[in-house]
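Reading through the structure tokens given below for one structure.
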Amino acid sequence: MKWILRLFPRVVLITVGEWIRPILKILCSGRKYTDPIDQSRYRIFLGYGHGKNYRKKVLCPGTFSLERHRLLWLYMKNKTDLLDRKLKVLHFAPEPPLLKQFKEIQNWDYTTADLTSPLADLKVDLCHLPFDDQTFDLIMCNHVLEHIENDAQAMRELYRILTITGILIAMVPLNSKSKTTYENPQIKSKKMRKKHFGQYDHVRVYGMDYKIRLEKKGFHVEFINYASELKQSELERYRLDFEEIIPIAIKRV
């Protein structure tokens, strides 16, 4: 199934997914794997990624969800009351697998934002946000900060617009084997960024000091490894990454 990703790169998957997904859902239907986001079931999951980042059996054919999307949904559903509370929510770079579900939550005042995504309600620069202080109760900003050159400024803006009792969920590709973040602002070309950071539009690889970087901007941060609480059978059925971390940040008071 690698041909699917070669034929349909990520940007195309996002824009034309509404008609591709139903076809793949039928072709790949079965009982071996489950997407917990919508409870759809499949006989196969597809591979995803490029080069050394290619992973087998991680892309859900019917929703295009990846490991991190499914894990976050399970965590929010099973371990929090976020899906049930009345909240003002801001979702940066909205992920298609989660977008549909989040839009259907009646008690959320839900806004999406991004600099380039055609799915977002608002076009905004994360480093210069057009929102008042303490506007949002929940902010989701997943796999975004590794794209931002001035991530410190972006973190300050996220802190500014979060309410005193609010929650920031800011997942990133995290190298759990490294204590420090690897970045080099001199690396500019797409080719070299892919070589050094794993993707042409990434500007760093976060290490475990990602927590410290957020805390320096005023957050209290907890690294949640929810996958470690699940059974092996659940990890396999949902195709989750055992080491995936969900960083939960609140304002330090």
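Identifiers in the structure tokens: chain A, B, ... in order shown; residue index from 1 per chain; ligand index from 1 in order shown.
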How would you write, as a VMD selection string, the set of residues in stretch 47-243 of chain A that DSSP gives as helix (DSSP H, G or I)? chain A and resid 51 to 53 67 to 79 96 to 103 145 to 147 151 to 161 190 to 197 210 to 215 226 to 229 232 to 238
Contacts of stretch 103-113 of chain A at 7 Å (only C-alpha atoms; same-chain gap of 5+ positions) as a PDB file with N, CA and C atoms, in the first residue's frame:
```pdb
ATOM      1  N   ARG A  85     -17.054  18.932  28.901  1.00  0.00           N
ATOM      2  CA  ARG A  85     -17.157  20.249  29.530  1.00  0.00           C
ATOM      3  C   ARG A  85     -17.499  21.341  28.525  1.00  0.00           C
ATOM      4  N   LYS A  86     -18.071  22.416  29.025  1.00  0.00           N
ATOM      5  CA  LYS A  86     -18.328  23.598  28.204  1.00  0.00           C
ATOM      6  C   LYS A  86     -17.033  24.403  28.140  1.00  0.00           C
ATOM      7  N   LEU A  87     -16.412  24.443  26.961  1.00  0.00           N
ATOM      8  CA  LEU A  87     -15.092  25.052  26.825  1.00  0.00           C
ATOM      9  C   LEU A  87     -15.015  25.913  25.580  1.00  0.00           C
ATOM     10  N   LYS A  88     -14.185  26.937  25.674  1.00  0.00           N
ATOM     11  CA  LYS A  88     -13.805  27.713  24.498  1.00  0.00           C
ATOM     12  C   LYS A  88     -12.482  27.120  24.011  1.00  0.00           C
ATOM     13  N   VAL A  89     -12.489  26.547  22.804  1.00  0.00           N
ATOM     14  CA  VAL A  89     -11.384  25.713  22.333  1.00  0.00           C
ATOM     15  C   VAL A  89     -10.747  26.322  21.078  1.00  0.00           C
ATOM     16  N   LEU A  90      -9.413  26.308  21.068  1.00  0.00           N
ATOM     17  CA  LEU A  90      -8.658  26.698  19.876  1.00  0.00           C
ATOM     18  C   LEU A  90      -7.809  25.514  19.445  1.00  0.00           C
ATOM     19  N   HIS A  91      -7.935  25.143  18.172  1.00  0.00           N
ATOM     20  CA  HIS A  91      -7.237  23.982  17.630  1.00  0.00           C
ATOM     21  C   HIS A  91      -6.353  24.441  16.469  1.00  0.00           C
ATOM     22  N   PHE A  92      -5.031  24.445  16.704  1.00  0.00           N
ATOM     23  CA  PHE A  92      -4.096  24.820  15.656  1.00  0.00           C
ATOM     24  C   PHE A  92      -3.836  23.641  14.719  1.00  0.00           C
ATOM     25  N   ALA A  93      -3.667  23.963  13.437  1.00  0.00           N
ATOM     26  CA  ALA A  93      -3.370  22.938  12.432  1.00  0.00           C
ATOM     27  C   ALA A  93      -4.286  21.733  12.627  1.00  0.00           C
ATOM     28  N   PRO A  94      -5.594  21.929  12.514  1.00  0.00           N
ATOM     29  CA  PRO A  94      -6.558  20.859  12.840  1.00  0.00           C
ATOM     30  C   PRO A  94      -6.334  19.599  12.019  1.00  0.00           C
ATOM     31  N   ALA A 120      -8.651  25.219   8.187  1.00  0.00           N
ATOM     32  CA  ALA A 120      -8.759  26.094   9.354  1.00  0.00           C
ATOM     33  C   ALA A 120      -9.760  27.223   9.139  1.00  0.00           C
ATOM     34  N   ASP A 121     -10.411  27.606  10.230  1.00  0.00           N
ATOM     35  CA  ASP A 121     -11.347  28.736  10.188  1.00  0.00           C
ATOM     36  C   ASP A 121     -10.605  30.056   9.994  1.00  0.00           C
ATOM     37  N   LEU A 122      -9.466  30.185  10.672  1.00  0.00           N
ATOM     38  CA  LEU A 122      -8.721  31.440  10.668  1.00  0.00           C
ATOM     39  C   LEU A 122      -7.289  31.231  10.194  1.00  0.00           C
ATOM     40  N   LYS A 123      -6.776  32.198   9.445  1.00  0.00           N
ATOM     41  CA  LYS A 123      -5.382  32.187   9.045  1.00  0.00           C
ATOM     42  C   LYS A 123      -4.608  33.083  10.010  1.00  0.00           C
ATOM     43  N   VAL A 124      -3.752  32.469  10.824  1.00  0.00           N
ATOM     44  CA  VAL A 124      -3.035  33.218  11.855  1.00  0.00           C
ATOM     45  C   VAL A 124      -1.579  32.777  11.925  1.00  0.00           C
TER      46      VAL A 124
END
```
Checklist entry - So which residues of stretch 10-217 of chain A fall under strand (DSSP E or B) by DSSP, listed as a PyMOL selection string? => result chain A and resi 29-35+40-42+46-48+55-59+87-92+108-114+122-123+125+128+136-141+162-169+174+182-183+204-206
re atom CA of A:Phe242 and atom CA of A:Leu174: distance 12.9 Å
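When only C-alpha atoms are used to measure the gap to A:Ala152, the shortest distance among A:Trp73, A:Tyr210, A:Phe102, A:Phe136 belongs to A:Tyr210.
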*Excluding stretch 56-67 of chain A and any residue of its chain fewer than 6 positions from it, enumerate the residues within 7 Å of it, using only C-alpha atoms, and give them as a PyMOL selection string.*
chain A and resi 21-22+24-25+28+35+45-48+97+239-241
